[in-house]
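Structure file query.txt; described as compact mmCIF, C-alpha atoms and all ligand atoms.
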# COMPACT_ATOMS: atom_id res chain seq x y z
CA MET A 1 0.00 0.00 0.00
CA ARG A 2 1.33 3.47 -0.92
CA GLY A 3 1.61 6.04 1.85
CA VAL A 4 1.11 9.80 2.14
CA VAL A 5 1.46 12.43 4.88
CA VAL A 6 -0.57 15.59 4.35
CA VAL A 7 1.04 18.50 6.22
CA ILE A 8 -1.40 21.34 7.03
CA PRO A 9 -0.21 24.50 8.82
CA THR A 10 -2.96 26.15 10.86
CA TYR A 11 -3.54 29.44 12.60
CA ASN A 12 -7.15 29.96 13.75
CA GLU A 13 -8.66 27.34 11.47
CA ALA A 14 -10.81 25.42 14.00
CA GLU A 15 -14.01 25.51 11.90
CA ASN A 16 -12.24 24.54 8.68
CA ILE A 17 -10.15 21.74 10.14
CA ARG A 18 -13.18 20.09 11.77
CA TRP A 19 -14.55 19.54 8.28
CA LEU A 20 -11.33 19.00 6.33
CA ILE A 21 -9.47 16.28 8.28
CA PRO A 22 -12.20 13.59 8.09
CA VAL A 23 -12.82 14.37 4.39
CA ILE A 24 -9.12 13.89 3.52
CA LEU A 25 -8.84 10.64 5.50
CA ASP A 26 -12.07 9.17 4.09
CA LEU A 27 -11.14 10.07 0.53
CA LEU A 28 -7.50 8.96 0.46
CA GLU A 29 -7.99 5.83 2.58
CA GLY A 30 -11.01 4.94 0.44
CA ALA A 31 -8.76 5.15 -2.63
CA GLY A 32 -6.27 2.74 -1.02
CA TRP A 33 -3.70 5.16 0.39
CA ARG A 34 -2.20 4.72 3.84
CA THR A 35 -2.72 8.28 5.12
CA ALA A 36 -1.61 10.56 7.94
CA VAL A 37 -2.76 14.15 8.33
CA LEU A 38 -0.19 16.23 10.23
CA ILE A 39 -1.47 19.55 11.59
CA VAL A 40 1.19 22.12 12.51
CA ASP A 41 -0.61 24.56 14.81
CA ASP A 42 0.89 27.74 16.27
CA SER A 43 -1.14 27.81 19.51
CA SER A 44 -4.18 29.21 17.71
CA PRO A 45 -6.34 31.21 20.15
CA ASP A 46 -9.51 29.73 18.60
CA GLY A 47 -8.67 26.24 19.92
CA THR A 48 -7.72 24.61 16.59
CA ALA A 49 -5.44 22.18 18.47
CA ASP A 50 -8.30 21.08 20.75
CA VAL A 51 -10.41 20.26 17.71
CA VAL A 52 -7.53 18.21 16.27
CA ARG A 53 -7.05 16.35 19.57
CA GLY A 54 -10.77 15.58 19.68
CA LEU A 55 -10.70 14.14 16.16
CA ALA A 56 -7.49 12.19 16.88
CA ALA A 57 -9.15 10.51 19.86
CA SER A 58 -11.83 9.05 17.61
CA ARG A 59 -9.75 7.76 14.69
CA PRO A 60 -6.12 6.95 13.76
CA GLY A 61 -4.08 8.80 11.14
CA ILE A 62 -4.11 12.26 12.78
CA ASP A 63 -0.91 13.80 14.11
CA LEU A 64 -0.54 17.21 15.81
CA LEU A 65 2.61 19.30 16.09
CA GLU A 66 2.06 22.24 18.44
CA ARG A 67 4.32 25.27 18.48
CA PRO A 68 4.39 28.01 21.12
CA GLY A 69 3.28 30.94 18.96
CA LYS A 70 2.67 32.24 15.44
CA MET A 71 5.95 31.79 13.58
CA GLY A 72 4.93 31.85 9.92
CA ILE A 73 3.73 29.38 7.30
CA GLY A 74 7.25 28.66 5.99
CA SER A 75 8.59 27.83 9.41
CA ALA A 76 5.52 25.62 10.06
CA TYR A 77 6.31 23.63 6.91
CA ILE A 78 9.98 23.26 7.83
CA ASP A 79 9.06 21.76 11.24
CA GLY A 80 6.23 19.75 9.67
CA PHE A 81 8.42 18.24 6.95
CA ARG A 82 11.02 17.15 9.52
CA ARG A 83 8.32 15.51 11.61
CA ALA A 84 6.78 13.91 8.50
CA LEU A 85 10.05 12.29 7.40
CA GLU A 86 11.01 11.18 10.92
CA ALA A 87 7.68 9.96 12.35
CA HIS A 88 6.02 8.82 9.11
CA GLY A 89 8.98 7.33 7.24
CA TRP A 90 6.62 4.79 5.61
CA ALA A 91 5.08 7.50 3.39
CA GLU A 92 6.26 7.81 -0.23
CA TYR A 93 4.78 11.31 -0.49
CA VAL A 94 4.62 14.42 1.68
CA CYS A 95 1.97 17.01 0.75
CA GLU A 96 1.41 20.70 1.42
CA MET A 97 -2.18 21.85 1.81
CA ASP A 98 -4.04 24.88 3.24
CA ALA A 99 -6.58 24.33 6.01
CA ASP A 100 -9.18 26.81 4.77
CA GLY A 101 -10.92 24.70 2.12
CA SER A 102 -9.32 26.48 -0.87
CA HIS A 103 -7.60 23.25 -1.85
CA PRO A 104 -10.19 20.56 -2.73
CA PRO A 105 -9.29 17.11 -1.31
CA GLU A 106 -10.39 15.44 -4.59
CA THR A 107 -7.72 17.46 -6.38
CA LEU A 108 -5.13 16.12 -3.91
CA LEU A 109 -6.10 12.59 -4.90
CA GLY A 110 -5.72 13.53 -8.58
CA MET A 111 -2.29 15.04 -7.87
CA LEU A 112 -1.13 11.88 -6.06
CA GLU A 113 -2.33 9.68 -8.91
CA HIS A 114 -0.59 11.99 -11.38
CA ALA A 115 2.67 11.67 -9.41
CA GLU A 116 2.33 7.88 -9.45
CA HIS A 117 1.68 7.66 -13.20
CA SER A 118 4.11 10.34 -14.37
CA GLY A 119 6.98 9.68 -11.95
CA ALA A 120 7.25 13.43 -11.25
CA ASP A 121 9.03 14.37 -8.00
CA VAL A 122 6.81 17.38 -7.38
CA VAL A 123 3.21 17.92 -8.51
CA ILE A 124 1.86 21.43 -7.98
CA GLY A 125 -1.86 22.22 -7.81
CA SER A 126 -1.88 25.03 -10.36
CA ARG A 127 -4.39 27.81 -11.06
CA TYR A 128 -2.65 28.76 -14.30
CA VAL A 129 -2.73 25.59 -16.42
CA PRO A 130 -5.74 24.64 -18.61
CA GLY A 131 -8.54 23.37 -16.37
CA GLY A 132 -7.29 25.33 -13.36
CA GLY A 133 -8.39 28.76 -12.14
CA TRP A 134 -10.03 30.84 -9.45
CA VAL A 135 -13.56 30.23 -8.22
CA GLU A 136 -14.84 33.66 -7.11
CA GLY A 137 -11.36 35.19 -6.73
CA SER A 138 -11.45 38.97 -6.25
CA ILE A 139 -9.62 41.02 -8.88
CA HIS A 140 -7.25 42.31 -6.20
CA ARG A 141 -6.40 38.79 -4.96
CA VAL A 142 -5.88 37.44 -8.49
CA MET A 143 -3.65 40.40 -9.39
CA VAL A 144 -1.49 39.86 -6.28
CA SER A 145 -1.11 36.19 -7.22
CA ARG A 146 -0.36 36.93 -10.89
CA GLY A 147 2.21 39.57 -9.93
CA ALA A 148 3.84 37.25 -7.39
CA ASN A 149 4.14 34.53 -10.01
CA LEU A 150 5.63 36.87 -12.56
CA LEU A 151 8.24 37.99 -10.00
CA ALA A 152 8.96 34.38 -9.01
CA ARG A 153 9.53 33.36 -12.59
CA ILE A 154 11.77 36.29 -13.47
CA SER A 155 13.81 36.02 -10.29
CA THR A 156 14.35 32.24 -10.09
CA GLY A 157 14.15 31.30 -13.77
CA VAL A 158 12.01 28.28 -12.83
CA ARG A 159 9.41 27.79 -15.57
CA VAL A 160 6.44 26.93 -13.42
CA ARG A 161 3.14 28.76 -13.91
CA ASP A 162 1.96 28.65 -10.30
CA ALA A 163 5.14 28.86 -8.23
CA THR A 164 3.33 30.39 -5.24
CA SER A 165 0.73 27.64 -4.90
CA GLY A 166 0.77 26.05 -1.45
CA PHE A 167 -0.88 22.85 -2.72
CA ARG A 168 1.83 20.32 -3.56
CA VAL A 169 2.68 16.64 -3.62
CA ILE A 170 6.40 16.05 -3.02
CA ARG A 171 8.08 12.66 -3.30
CA SER A 172 9.67 11.92 0.09
CA SER A 173 12.95 10.90 -1.59
CA ALA A 174 13.08 14.36 -3.23
CA LEU A 175 12.32 16.13 0.05
CA ARG A 176 15.10 14.17 1.78
CA LYS A 177 17.59 15.59 -0.74
CA VAL A 178 16.92 19.16 0.47
CA ILE A 179 15.77 18.69 4.08
CA ASP A 180 19.08 19.82 5.60
CA ARG A 181 18.94 23.06 3.64
CA LEU A 182 15.43 24.08 4.68
CA SER A 183 16.56 25.93 7.81
CA ALA A 184 18.07 28.61 5.54
CA LEU A 185 14.63 29.39 4.07
CA TRP A 186 12.38 32.22 5.27
CA SER A 187 9.52 31.79 7.68
CA GLY A 188 6.83 33.54 5.61
CA TYR A 189 4.98 32.96 2.32
CA VAL A 190 8.08 33.36 0.11
CA PHE A 191 9.09 29.98 1.52
CA GLN A 192 7.01 28.33 -1.23
CA VAL A 193 9.12 29.88 -4.01
CA GLN A 194 12.37 29.25 -2.15
CA LEU A 195 11.48 25.57 -1.63
CA LEU A 196 10.51 25.17 -5.27
CA TYR A 197 13.83 26.67 -6.32
CA LEU A 198 15.75 24.30 -4.00
CA LEU A 199 13.92 21.25 -5.36
CA TYR A 200 14.46 22.43 -8.93
CA GLU A 201 18.18 23.00 -8.32
CA ALA A 202 18.39 19.50 -6.80
CA GLY A 203 17.28 18.12 -10.18
CA CYS A 204 13.67 17.30 -9.31
CA ARG A 205 11.06 16.89 -12.03
CA VAL A 206 8.24 19.37 -11.39
CA GLU A 207 4.80 19.10 -13.02
CA GLU A 208 1.55 21.02 -12.65
CA TYR A 209 -1.98 19.70 -12.21
CA PRO A 210 -5.12 21.84 -12.65
CA LEU A 211 -6.45 23.36 -9.43
CA ARG A 212 -9.83 25.12 -9.12
CA PHE A 213 -8.93 27.35 -6.15
CA LEU A 214 -12.01 27.81 -3.94
CA PRO A 215 -12.75 30.74 -1.62
CA ARG A 216 -11.83 30.20 2.04
CA ARG A 217 -14.76 28.47 3.84
CA ALA A 218 -14.50 30.21 7.24
CA GLY A 219 -12.10 32.37 9.25
CA LYS A 220 -9.73 35.08 8.08
CA SER A 221 -6.83 35.27 5.61
CA LYS A 222 -3.33 35.52 7.10
CA LEU A 223 -1.77 37.02 3.99
CA GLY A 224 -0.96 40.63 4.92
CA GLY A 225 0.96 43.56 3.43
CA GLY A 226 4.15 42.77 5.37
CA GLU A 227 4.27 39.32 3.83
CA ILE A 228 3.82 40.74 0.33
CA ALA A 229 6.66 43.25 0.92
CA ARG A 230 9.05 40.54 2.19
CA TYR A 231 8.11 38.40 -0.79
CA ALA A 232 8.90 41.16 -3.30
CA PHE A 233 12.17 41.98 -1.50
CA TRP A 234 13.44 38.40 -1.71
CA CYS A 235 12.50 38.07 -5.41
CA LEU A 236 14.17 41.35 -6.37
CA ARG A 237 17.32 40.42 -4.43
CA MET A 238 17.37 37.01 -6.10
CA MET A 239 16.97 38.60 -9.51
CA PHE A 240 19.84 40.99 -8.82
CA ARG A 241 22.10 38.16 -7.64
CA ARG A 242 21.39 36.06 -10.71
CA ILE A 243 22.20 39.00 -12.99
CA VAL A 244 25.48 39.64 -11.12
CA ARG A 245 26.43 35.94 -11.28
CA ARG A 246 26.05 35.98 -15.06
N1 LIG A 301 1.09 27.25 11.66
C1 LIG A 301 0.90 28.37 10.94
N2 LIG A 301 0.04 28.36 9.91
C2 LIG A 301 -0.14 29.49 9.19
C3 LIG A 301 0.54 30.70 9.49
N3 LIG A 301 0.16 31.65 8.59
C4 LIG A 301 -0.73 31.05 7.76
N4 LIG A 301 -0.92 29.75 8.13
C5 LIG A 301 -1.79 28.74 7.50
O1 LIG A 301 -1.38 28.63 6.15
C6 LIG A 301 -2.49 28.36 5.31
C7 LIG A 301 -2.58 29.45 4.23
O2 LIG A 301 -2.93 30.70 4.82
P1 LIG A 301 -4.09 31.63 4.22
O3 LIG A 301 -4.42 32.68 5.21
O4 LIG A 301 -5.21 30.77 3.76
O5 LIG A 301 -3.34 32.31 3.02
P2 LIG A 301 -3.80 32.43 1.52
O6 LIG A 301 -4.51 31.18 1.10
O7 LIG A 301 -2.60 32.82 0.75
O8 LIG A 301 -4.81 33.64 1.57
P3 LIG A 301 -6.41 33.60 1.33
O9 LIG A 301 -6.61 33.21 -0.11
O10 LIG A 301 -6.84 34.97 1.62
O11 LIG A 301 -6.96 32.58 2.26
C8 LIG A 301 -3.71 28.30 6.22
O12 LIG A 301 -3.97 26.97 6.55
C9 LIG A 301 -3.26 29.11 7.43
O13 LIG A 301 -3.93 28.76 8.62
C10 LIG A 301 1.46 30.69 10.61
O14 LIG A 301 2.08 31.69 10.96
N5 LIG A 301 1.58 29.51 11.28
MG MG A 302 -6.24 30.62 2.00
Kindly return the structure encoded in the file as structure tokens.
Amino acid sequence: MRGVVVVIPTYNEAENIRWLIPVILDLLEGAGWRTAVLIVDDSSPDGTADVVRGLAASRPGIDLLERPGKMGIGSAYIDGFRRALEAHGWAEYVCEMDADGSHPPETLLGMLEHAEHSGADVVIGSRYVPGGGWVEGSIHRVMVSRGANLLARISTGVRVRDATSGFRVIRSSALRKVIDRLSALWSGYVFQVQLLYLLYEAGCRVEEYPLRFLPRRAGKSKLGGGEIARYAFWCLRMMFRRIVRR
């Protein structure tokens, strides 16, 4: 039986996670995957961790990593990936997924099957390949995403259409190649582009799979102006360095 660990960072996602965890487990286990859902929670004031503990008491396959305070999505993934490879070494794949319902679990199953058939090391849920897109995305939100992707592509040179997507299937063997270098990555949203660049430089085969990105089900977005500024700063610095290196 093939195995998968789905890593989900959470900050105030109690309502969403109550719905999402059982849906993921039912769907993937029903399709024959040995599955663990690993929640990385930053002591959410809304009691997200209590909800996870409650669910974990009633069924296997749920793991919780609690951190003392809000430290950023990138840093949550770094800790989550380490835990995934150490505690769930049986899994052939490690996934990234948001807690807010934007990433449909059925698409995750499609991405896993695509990784199996194609042999790709990384499969990205992508809004910008045929069949993908935004469901009710505001013009402002879509423009931020488009701009971020343009910057990512120019600065890293990686030819991926949705480099900022936080919905990914990564082969564990590929993640092991870069795991010791993750601590150098940033704690915020730019982590996604930095990780993609690392995997790409390590020779991984990256493919995209259509994602219909849904609006968040409940709760509030954590993507603020400070994050966008840090993102742009890193990309511009990267672009400058690559020009100088040439
Ligand atoms: N553990 C942890 N999780 C975080 C942190 N910041 C964001 N997250 C989680 O990362 C995921 C993505 O965050 P979102 O706020 O949905 O960001 P987004 O999808 O880019 O923005 P929206 O489209 O507005 O929702 C969610 O599951 C968040 O709960 C953090 O500092 N720590
Ligand atoms: Mg979201």
Kindly assemble as CSV a list of the chain A residues that lie within 8 Å of ligand MG 302 (chain A), each paired with its nearest atom pair and their distance in Å to one decimal, using all atoms listed in the file, sorted first by chain and then by ascending residue number.
residue,atom,partner,partner_atom,distance
A:Asp98,CA,A:MG302,MG,6.3
A:Ala99,CA,A:MG302,MG,7.5
A:Asp100,CA,A:MG302,MG,5.6
A:Gly101,CA,A:MG302,MG,7.5
A:Ser102,CA,A:MG302,MG,5.9
A:Pro215,CA,A:MG302,MG,7.4
A:Arg216,CA,A:MG302,MG,5.6
A:Ser221,CA,A:MG302,MG,5.9
A:Lys222,CA,A:MG302,MG,7.6
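Nearest to ligand LIG 301 (chain A) of all the residues A:His103, A:Arg18, A:Arg82, A:Arg205 is A:His103, counting all atoms listed in the file.
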Given 4 Å of margin on each side, can you work out the centre and size in Å (one decimal) of an axis-aligned box holding every listed atom of ligand LIG 301 (chain A), as lines of an AutoDock Vina configuration file?
center_x = -2.4
center_y = 31.0
center_z = 5.8
size_x = 17.0
size_y = 16.0
size_z = 19.8
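Around Arg146 of chain A, within 10 Å and counting all atoms listed in the file, the residues found are A:Arg127, A:Tyr128, A:His140, A:Ala152, A:Arg161, A:Asp162, A:Thr164, once anything fewer than 6 positions away on its own chain is removed.
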Could you please give me, as a list in words, the residues of protein, DNA or RNA lying at most 7 Å from (-5.0, 8.9, 8.3) in the coordinate frame of the file, considering all atoms listed in the file?
-> Leu25, Arg34, Thr35, Ala36, Val37, Pro60, Gly61 and Ile62 of chain A
Hey, can you spit out that residue selection with C-alpha atoms as a PDB file, in the coordinates of the input?
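The result, stored in again39.pdb:
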ATOM      1  CA  LEU A  25      -8.840  10.640   5.500  1.00  0.00           C
ATOM      2  CA  ARG A  34      -2.200   4.720   3.840  1.00  0.00           C
ATOM      3  CA  THR A  35      -2.720   8.280   5.120  1.00  0.00           C
ATOM      4  CA  ALA A  36      -1.610  10.560   7.940  1.00  0.00           C
ATOM      5  CA  VAL A  37      -2.760  14.150   8.330  1.00  0.00           C
ATOM      6  CA  PRO A  60      -6.120   6.950  13.760  1.00  0.00           C
ATOM      7  CA  GLY A  61      -4.080   8.800  11.140  1.00  0.00           C
ATOM      8  CA  ILE A  62      -4.110  12.260  12.780  1.00  0.00           C
TER       9      ILE A  62
END
Would you mind listing what lies within 8 Å of Ala218 of chain A as a PyMOL selection string, with all atoms listed in the file counted and same-chain residues fewer than 3 positions away left out?
-> chain A and resi 13+15-16+100
Between atom CA of Val129 of chain A and atom CA of His114 of chain A - distance in Å to one decimal | 14.7 Å
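When all atoms listed in the file are used to compute distances to ligand LIG 301 (chain A), the closest of the residues A:Arg159, A:Lys70, A:Arg230, A:Arg176 turns out to be A:Lys70.
In this structure, atom CA of Val206 of chain A sits 4.7 Å away from atom CA of Val122 of chain A.
Distance annotation: of A:Phe240, A:Phe191, A:Trp234, A:Tyr77, the residue with the minimal separation from ligand LIG 301 (chain A) is A:Tyr77; atom set is only C-alpha atoms and all ligand atoms.
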Out of A:Arg153, A:Arg168, A:Arg212, A:Arg242, which residue has the shortest atom-to-atom distance to Glu136 of chain A when counting all atoms listed in the file?
-> A:Arg212
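Of the listed residues A:Tyr209, A:Tyr200, A:Tyr189, A:Trp19, the one whose atoms come nearest to Met111 of chain A is A:Tyr209, with distances taken using all atoms listed in the file.
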Test item: residues at most 9 Å from Glu106 of chain A, only C-alpha atoms, excluding those fewer than 6 positions along its chain, as number ranges by chain | A: 24, 27-28
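Distance-wise, atom CA of Gln192 of chain A and atom O7 of ligand LIG 301 (chain A) end up 10.8 Å apart.
When all atoms listed in the file are used to compute distances to ligand LIG 301 (chain A), the closest of the residues A:Gly225, A:Gly72, A:Gly166, A:Gly32 turns out to be A:Gly72.
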